[in-house]
$ cat protein22.txt   # compact mmCIF, C-alpha atoms and all ligand atoms
# COMPACT_ATOMS: atom_id res chain seq x y z
CA MET A 1 -11.86 -3.01 12.52
CA PRO A 2 -9.03 -5.42 13.29
CA HIS A 3 -6.05 -5.16 11.00
CA PHE A 4 -5.43 -8.91 11.01
CA ASP A 5 -7.63 -11.92 10.57
CA PHE A 6 -5.81 -14.26 12.97
CA LYS A 7 -6.09 -18.02 12.40
CA ILE A 8 -4.52 -20.04 15.19
CA GLU A 9 -3.34 -23.61 14.75
CA TYR A 10 -2.21 -25.71 17.71
CA PHE A 11 0.44 -28.45 17.77
CA GLU A 12 1.32 -30.90 20.52
CA LYS A 13 4.88 -31.13 19.26
CA ILE A 14 6.78 -29.42 16.46
CA ASP A 15 10.41 -28.77 15.56
CA SER A 16 10.02 -24.97 15.74
CA THR A 17 6.93 -22.84 15.15
CA ASN A 18 9.14 -20.28 13.36
CA THR A 19 10.64 -22.89 11.05
CA GLU A 20 7.22 -24.36 10.22
CA LEU A 21 5.68 -20.93 9.63
CA LYS A 22 8.49 -19.95 7.28
CA ARG A 23 7.84 -23.15 5.30
CA ARG A 24 4.15 -22.26 5.17
CA ALA A 25 4.87 -18.67 4.15
CA GLN A 26 6.66 -20.04 1.11
CA MET A 27 3.58 -22.14 0.35
CA GLY A 28 1.25 -19.12 0.47
CA ALA A 29 -0.11 -19.08 4.06
CA PRO A 30 -2.05 -15.85 4.69
CA SER A 31 -1.05 -12.94 6.89
CA GLY A 32 -2.32 -13.53 10.42
CA THR A 33 -1.50 -17.26 10.46
CA VAL A 34 -0.48 -18.16 14.02
CA LEU A 35 1.12 -21.44 15.16
CA VAL A 36 1.18 -22.42 18.85
CA ALA A 37 2.95 -25.51 20.18
CA ASP A 38 2.97 -27.33 23.53
CA GLU A 39 6.58 -28.36 22.90
CA GLN A 40 9.38 -27.61 20.42
CA THR A 41 12.10 -30.12 19.67
CA ALA A 42 14.31 -27.58 17.86
CA GLY A 43 13.24 -24.20 19.26
CA ARG A 44 15.47 -21.43 17.95
CA GLY A 45 16.71 -18.16 19.44
CA ARG A 46 18.64 -15.23 18.03
CA MET A 47 22.27 -15.54 16.94
CA GLY A 48 21.88 -19.24 16.13
CA ARG A 49 21.14 -20.19 19.74
CA SER A 50 18.57 -22.80 20.70
CA PHE A 51 15.48 -21.98 22.76
CA PHE A 52 14.63 -24.42 25.58
CA SER A 53 11.00 -25.40 24.87
CA PRO A 54 9.84 -28.28 27.10
CA ARG A 55 6.28 -29.58 27.06
CA GLY A 56 3.71 -27.86 29.20
CA SER A 57 5.81 -25.14 30.78
CA GLY A 58 5.89 -22.37 28.20
CA LEU A 59 4.13 -20.48 25.46
CA TYR A 60 5.74 -21.04 22.06
CA MET A 61 4.08 -19.19 19.22
CA SER A 62 4.79 -17.65 15.81
CA LEU A 63 2.85 -15.12 13.80
CA LEU A 64 3.06 -14.45 10.04
CA ILE A 65 2.75 -10.90 8.74
CA ARG A 66 2.70 -10.26 5.00
CA PRO A 67 3.48 -8.17 3.15
CA ILE A 68 5.61 -6.04 5.45
CA SER A 69 6.71 -2.52 4.64
CA LEU A 70 10.44 -2.28 4.77
CA GLU A 71 10.38 0.99 6.77
CA ASN A 72 8.66 -0.84 9.61
CA ALA A 73 10.53 -4.13 9.40
CA GLY A 74 13.18 -3.06 11.90
CA LEU A 75 10.54 -2.12 14.45
CA ILE A 76 8.77 -5.47 14.50
CA THR A 77 10.82 -6.84 17.38
CA THR A 78 10.28 -3.72 19.51
CA LEU A 79 6.57 -3.69 18.66
CA THR A 80 6.29 -7.34 19.69
CA ALA A 81 8.16 -6.76 22.95
CA VAL A 82 5.70 -4.00 23.89
CA SER A 83 2.73 -6.17 22.86
CA VAL A 84 3.86 -9.04 25.09
CA ALA A 85 4.63 -6.69 28.00
CA ARG A 86 1.19 -5.08 27.72
CA ALA A 87 -0.54 -8.47 27.47
CA LEU A 88 1.25 -9.67 30.61
CA GLU A 89 0.37 -6.45 32.42
CA THR A 90 -3.34 -7.08 31.77
CA MET A 91 -2.81 -10.35 33.70
CA GLY A 92 -1.12 -8.63 36.62
CA VAL A 93 2.46 -9.43 35.62
CA SER A 94 4.85 -6.54 35.09
CA VAL A 95 8.11 -7.05 33.24
CA HIS A 96 10.97 -4.97 31.92
CA ILE A 97 12.41 -5.04 28.42
CA LYS A 98 16.11 -5.67 27.94
CA TRP A 99 17.13 -4.24 24.57
CA ILE A 100 16.32 -5.51 22.14
CA ASN A 101 14.22 -8.62 22.38
CA ASP A 102 14.18 -9.96 25.94
CA LEU A 103 11.56 -9.56 28.62
CA VAL A 104 12.99 -9.90 32.08
CA SER A 105 11.90 -10.08 35.69
CA GLY A 106 14.17 -10.15 38.72
CA GLY A 107 17.13 -9.66 36.37
CA LYS A 108 16.43 -12.94 34.54
CA LYS A 109 14.96 -13.63 31.14
CA LEU A 110 11.43 -14.94 30.89
CA CYS A 111 10.61 -14.22 27.25
CA GLY A 112 12.55 -14.06 24.00
CA ILE A 113 11.46 -12.85 20.57
CA LEU A 114 12.84 -14.04 17.24
CA ALA A 115 11.64 -11.98 14.24
CA GLU A 116 12.75 -13.38 10.90
CA SER A 117 12.04 -12.15 7.42
CA GLY A 118 11.88 -13.76 4.01
CA ILE A 119 10.60 -13.18 0.50
CA ALA A 120 7.90 -15.22 -1.19
CA GLU A 121 6.50 -14.45 -4.62
CA GLY A 122 8.48 -11.22 -4.66
CA GLU A 123 7.01 -9.82 -1.44
CA PRO A 124 8.68 -9.59 1.97
CA PHE A 125 7.12 -11.33 4.96
CA ALA A 126 7.94 -11.53 8.67
CA VAL A 127 7.64 -14.50 10.99
CA ILE A 128 7.59 -13.35 14.60
CA GLY A 129 8.37 -16.00 17.20
CA ILE A 130 7.60 -15.51 20.88
CA GLY A 131 8.76 -17.86 23.63
CA ILE A 132 7.62 -17.27 27.21
CA ASN A 133 8.56 -19.37 30.25
CA LEU A 134 5.27 -19.59 32.11
CA ARG A 135 5.81 -22.27 34.76
CA LYS A 136 8.59 -23.23 37.14
CA THR A 137 10.92 -25.45 35.16
CA ALA A 138 14.15 -27.33 35.71
CA PHE A 139 16.33 -25.32 33.35
CA PRO A 140 19.53 -26.92 32.04
CA PRO A 141 22.65 -25.76 33.94
CA GLU A 142 23.69 -23.23 31.28
CA LEU A 143 20.32 -21.45 31.66
CA SER A 144 19.62 -21.77 35.37
CA GLU A 145 21.42 -18.51 36.25
CA ILE A 146 19.97 -16.43 33.43
CA ALA A 147 16.46 -17.75 32.80
CA THR A 148 13.33 -17.67 34.91
CA SER A 149 9.59 -18.13 34.58
CA ILE A 150 6.58 -15.97 35.28
CA GLU A 151 5.47 -18.38 38.00
CA SER A 152 8.87 -18.26 39.75
CA GLN A 153 9.01 -14.46 39.71
CA THR A 154 5.42 -13.51 40.43
CA GLY A 155 3.53 -16.60 41.59
CA ILE A 156 1.12 -15.98 38.70
CA ILE A 157 0.68 -18.56 35.94
CA PRO A 158 -1.04 -16.83 33.04
CA HIS A 159 -3.45 -19.03 31.10
CA ARG A 160 -1.53 -19.83 27.91
CA ASP A 161 -4.30 -19.53 25.34
CA GLN A 162 -5.75 -16.42 26.96
CA LEU A 163 -2.27 -14.90 26.83
CA VAL A 164 -1.96 -15.78 23.13
CA HIS A 165 -5.19 -13.86 22.46
CA GLU A 166 -4.10 -10.87 24.56
CA ILE A 167 -0.75 -10.72 22.75
CA LEU A 168 -2.48 -10.81 19.34
CA LYS A 169 -4.94 -8.10 20.42
CA GLU A 170 -2.15 -5.81 21.62
CA PHE A 171 -0.04 -6.57 18.54
CA SER A 172 -2.88 -5.74 16.18
CA HIS A 173 -3.63 -2.48 17.97
CA LEU A 174 0.01 -1.39 18.16
CA TYR A 175 0.71 -2.40 14.55
CA GLU A 176 -2.02 -0.04 13.39
CA THR A 177 -0.79 2.70 15.71
CA MET A 178 2.73 2.27 14.37
CA GLN A 179 1.59 3.05 10.81
CA ILE A 180 0.44 6.47 12.01
CA ASN A 181 2.77 7.22 14.90
CA SER A 182 5.77 4.94 15.38
CA SER A 183 7.22 7.11 18.15
CA PHE A 184 4.17 6.25 20.32
CA VAL A 185 5.17 2.59 20.19
CA MET A 186 8.78 3.49 20.90
CA ASP A 187 7.74 5.61 23.89
CA GLU A 188 5.94 2.54 25.25
CA TYR A 189 9.11 0.54 24.64
CA ARG A 190 11.38 3.12 26.32
CA ALA A 191 9.07 3.31 29.35
CA ARG A 192 9.71 -0.40 30.02
CA CYS A 193 13.32 -0.61 28.84
CA MET A 194 15.81 -1.25 31.65
CA THR A 195 18.90 -1.01 29.45
CA ILE A 196 19.15 2.79 29.38
CA GLY A 197 21.79 4.15 31.75
CA GLN A 198 23.35 0.69 32.21
CA THR A 199 26.87 -0.35 31.36
CA VAL A 200 26.68 -3.03 28.70
CA ARG A 201 29.19 -5.25 26.95
CA VAL A 202 28.83 -4.94 23.21
CA THR A 203 29.85 -7.97 21.19
CA PRO A 204 29.95 -7.05 17.51
CA LEU A 205 29.38 -9.91 15.07
CA SER A 206 32.92 -9.27 13.93
CA GLY A 207 35.44 -7.27 15.92
CA THR A 208 36.44 -6.97 19.56
CA PRO A 209 33.90 -6.73 22.39
CA TYR A 210 33.86 -3.45 24.29
CA ASP A 211 32.05 -1.90 27.26
CA ALA A 212 29.75 1.09 26.85
CA ILE A 213 27.04 3.14 28.54
CA ALA A 214 23.61 2.73 26.95
CA LEU A 215 22.35 6.26 26.25
CA SER A 216 18.98 5.84 24.53
CA VAL A 217 16.77 3.73 22.30
CA GLU A 218 16.13 5.70 19.12
CA ASP A 219 12.83 5.85 17.23
CA ASP A 220 14.12 3.28 14.72
CA GLY A 221 14.78 0.80 17.55
CA THR A 222 18.57 1.17 17.50
CA LEU A 223 20.52 1.50 20.75
CA LEU A 224 22.78 4.50 21.14
CA VAL A 225 25.84 3.72 23.28
CA ARG A 226 28.98 5.59 24.30
CA PRO A 227 32.06 3.34 24.60
CA LEU A 228 33.82 3.68 27.97
CA CYS A 229 37.19 3.87 26.20
CA PRO A 230 38.57 6.19 25.09
CA GLU A 231 37.16 8.92 27.33
CA ASN A 232 34.91 11.23 25.25
CA ALA A 233 34.33 8.53 22.63
CA SER A 234 31.59 9.42 20.17
CA PRO A 235 28.24 7.64 20.53
CA ILE A 236 27.70 4.55 18.38
CA ARG A 237 24.34 3.40 17.05
CA LEU A 238 23.76 -0.35 17.36
CA SER A 239 21.26 -2.44 15.49
CA SER A 240 20.19 -5.85 16.72
CA ALA A 241 22.00 -7.58 13.89
CA GLU A 242 25.34 -6.13 14.90
CA VAL A 243 25.55 -6.78 18.58
CA SER A 244 24.65 -8.79 21.54
CA ALA A 245 24.56 -6.43 24.49
CA ARG A 246 24.98 -8.05 27.92
CA PHE A 247 24.84 -6.40 31.30
CA ILE A 248 28.09 -6.22 33.17
CA GLU A 249 27.83 -7.62 36.65
CA ASN A 250 29.11 -5.30 39.33
C1 LIG B 301 15.73 -15.45 21.82
O1 LIG B 301 15.58 -15.39 23.03
O2 LIG B 301 16.85 -15.35 21.28
C2 LIG B 301 14.53 -15.64 20.96
C3 LIG B 301 13.72 -16.83 21.39
C4 LIG B 301 12.48 -17.05 20.53
C5 LIG B 301 11.78 -18.34 20.88
C6 LIG B 301 10.50 -18.52 20.15
S1 LIG B 301 9.57 -19.88 20.76
C7 LIG B 301 8.49 -19.80 19.39
C8 LIG B 301 9.35 -19.48 18.18
N1 LIG B 301 9.87 -20.69 17.59
C9 LIG B 301 11.19 -20.77 17.68
O3 LIG B 301 11.89 -21.70 17.28
N2 LIG B 301 11.67 -19.66 18.29
C10 LIG B 301 10.61 -18.75 18.64

$ encode --input "protein22.txt" --output "structure tokens"
Amino acid sequence: MPHFDFKIEYFEKIDSTNTELKRRAQMGAPSGTVLVADEQTAGRGRMGRSFFSPRGSGLYMSLLIRPISLENAGLITTLTAVSVARALETMGVSVHIKWINDLVSGGKKLCGILAESGIAEGEPFAVIGIGINLRKTAFPPELSEIATSIESQTGIIPHRDQLVHEILKEFSHLYETMQINSSFVMDEYRARCMTIGQTVRVTPLSGTPYDAIALSVEDDGTLLVRPLCPENASPIRLSSAEVSARFIEN
């Protein structure tokens, strides 16, 4: 029996599917509400960044989950990353996960995930936004070196609405699995995660950036790193809220 009763609503144009779904969550929208847009005029990414969302070239969707259990809240981004990766794999596209919320191919980003939480009528909810670059696109100059599309990397253009359904199917299945065995989901995440063993630059929200070796992704989704300086520094556990980890170019 599916855990969620998904109801999908399509928009030609919207400011941001996440913003609209948070508004609707406050107005009582049910768990499983999904918004999909052809274009976003104010698409949002993590850390206050914008998300380039031109018409017709990407998949822009948000999913409402309510209520959420607070033990699992931190794992929602990792669960979503695995769901999207698995959905793409069923369409012949293989991708890697860059901790914590990016899907990449050929070293460039082709999908970002923005999980946001809120409280309505005393209960916590999550709005999970997924943005995937499907088709070759003229990215603005600041993105052209770091962003790519599935078409550019693989020659495959997944059918958008079929991909939405595959993502929801994988999400539903993994969400149920996570209630029983969260390390299964994390093993799936680790198997696709390219960050482990890499040198990363850690940029704390406050404090000085530093370089570190990524050691492991823990079962709670945190990234364990060992700073390069001083030698023999103790490992540090990073949560998504605290850092932006970027690969260091060699
Ligand atoms: C990131 O890369 O930092 C996260 C990007 C998330 C983009 C998606 S597109 C659908 C949903 N609506 C938004 O405004 N953002 C998310």

$ residues_around --input "protein22.txt" --residues "region 57-63 of chain A" --least-positions-apart "6" --cutoff "8 Å" --atoms "only C-alpha atoms" --output "list in words"
Thr17, Asn18, Leu21, Gly32, Thr33, Val34, Leu35, Val36, Ala37, Asp38, Glu39, Gln40, Val127, Ile128, Gly129, Ile130, Gly131, Ile132, Asn133, Leu134, Arg135, Lys136, Thr137, Arg160 and Val164 of chain A

$ residues_around --input "protein22.txt" --residues "region 118-126 of chain A" --least-positions-apart "3" --cutoff "9 Å" --atoms "only C-alpha atoms" --output "PyMOL selection string"
chain A and resi 22+25-28+31+63-70+73+76+115

$ residues_around --input "protein22.txt" --residues "Ser216 (chain A)" --least-positions-apart "6" --cutoff "12 Å" --atoms "all atoms listed in the file" --output "PDB file with C-alpha atoms, in the frame of the given file"
ATOM      1  CA  TRP A  99      17.130  -4.240  24.570  1.00  0.00           C
ATOM      2  CA  ILE A 100      16.320  -5.510  22.140  1.00  0.00           C
ATOM      3  CA  MET A 186       8.780   3.490  20.900  1.00  0.00           C
ATOM      4  CA  ASP A 187       7.740   5.610  23.890  1.00  0.00           C
ATOM      5  CA  TYR A 189       9.110   0.540  24.640  1.00  0.00           C
ATOM      6  CA  ARG A 190      11.380   3.120  26.320  1.00  0.00           C
ATOM      7  CA  ALA A 191       9.070   3.310  29.350  1.00  0.00           C
ATOM      8  CA  CYS A 193      13.320  -0.610  28.840  1.00  0.00           C
ATOM      9  CA  MET A 194      15.810  -1.250  31.650  1.00  0.00           C
ATOM     10  CA  THR A 195      18.900  -1.010  29.450  1.00  0.00           C
ATOM     11  CA  ILE A 196      19.150   2.790  29.380  1.00  0.00           C
ATOM     12  CA  GLY A 197      21.790   4.150  31.750  1.00  0.00           C
ATOM     13  CA  GLN A 198      23.350   0.690  32.210  1.00  0.00           C
ATOM     14  CA  THR A 222      18.570   1.170  17.500  1.00  0.00           C
ATOM     15  CA  LEU A 223      20.520   1.500  20.750  1.00  0.00           C
ATOM     16  CA  LEU A 224      22.780   4.500  21.140  1.00  0.00           C
ATOM     17  CA  VAL A 225      25.840   3.720  23.280  1.00  0.00           C
ATOM     18  CA  ARG A 226      28.980   5.590  24.300  1.00  0.00           C
ATOM     19  CA  PRO A 235      28.240   7.640  20.530  1.00  0.00           C
ATOM     20  CA  ILE A 236      27.700   4.550  18.380  1.00  0.00           C
ATOM     21  CA  ARG A 237      24.340   3.400  17.050  1.00  0.00           C
ATOM     22  CA  LEU A 238      23.760  -0.350  17.360  1.00  0.00           C
TER      23      LEU A 238
END

$ atom_distance --input "protein22.txt" --atom1 "CA of Ser83 (chain A)" --atom2 "CA of Phe52 (chain A)"
22.0 Å

$ residues_around --input "protein22.txt" --residues "region 43-48 of chain A" --least-positions-apart "5" --cutoff "8 Å" --atoms "only C-alpha atoms" --output "list in words"
Asp15, Ser16, Thr17, Asn18, Ser53, Gly112, Ile113 and Leu114 of chain A

$ closest_residue --input "protein22.txt" --among "A:Asn181, A:Ile146, A:Ala85, A:Asn72" --to "ligand LIG 301 (chain B)" --atoms "only C-alpha atoms and all ligand atoms"
A:Ile146

$ atom_distance --input "protein22.txt" --atom1 "CA of Arg49 (chain A)" --atom2 "CA of Lys13 (chain A)"
19.6 Å

$ residues_around --input "protein22.txt" --residues "Asn101 (chain A)" --least-positions-apart "3" --cutoff "9 Å" --atoms "only C-alpha atoms" --output "list in words"
Thr77, Thr78, Thr80, Ala81, Ile97, Lys98, Cys111, Gly112, Ile113, Leu114 and Ser240 of chain A

$ atom_distance --input "protein22.txt" --atom1 "CA of His96 (chain A)" --atom2 "CA of Arg55 (chain A)"
25.5 Å

$ closest_residue --input "protein22.txt" --among "A:Pro230, A:Pro30, A:Gly74, A:Gly92" --to "Ile157 (chain A)" --atoms "only C-alpha atoms"
A:Gly92

$ closest_residue --input "protein22.txt" --among "A:Phe4, A:Thr148, A:Val82, A:Lys109" --to "ligand LIG 301 (chain B)" --atoms "all atoms listed in the file"
A:Lys109

$ closest_residue --input "protein22.txt" --among "A:Phe6, A:His159, A:Glu176, A:Ala214" --to "Gly56 (chain A)" --atoms "all atoms listed in the file"
A:His159

$ closest_residue --input "protein22.txt" --among "A:Glu166, A:Glu142, A:Thr90, A:Ala147" --to "ligand LIG 301 (chain B)" --atoms "all atoms listed in the file"
A:Ala147

$ closest_residue --input "protein22.txt" --among "A:Leu79, A:Leu110, A:Ile8, A:Ala29" --to "Leu174 (chain A)" --atoms "all atoms listed in the file"
A:Leu79

$ axis_aligned_box --input "protein22.txt" --around "region 139-156 of chain A" --padding-each-side "6 Å" --output "lines of an AutoDock Vina configuration file"
center_x = 12.4
center_y = -20.2
center_z = 36.4
size_x = 34.6
size_y = 25.4
size_z = 22.3
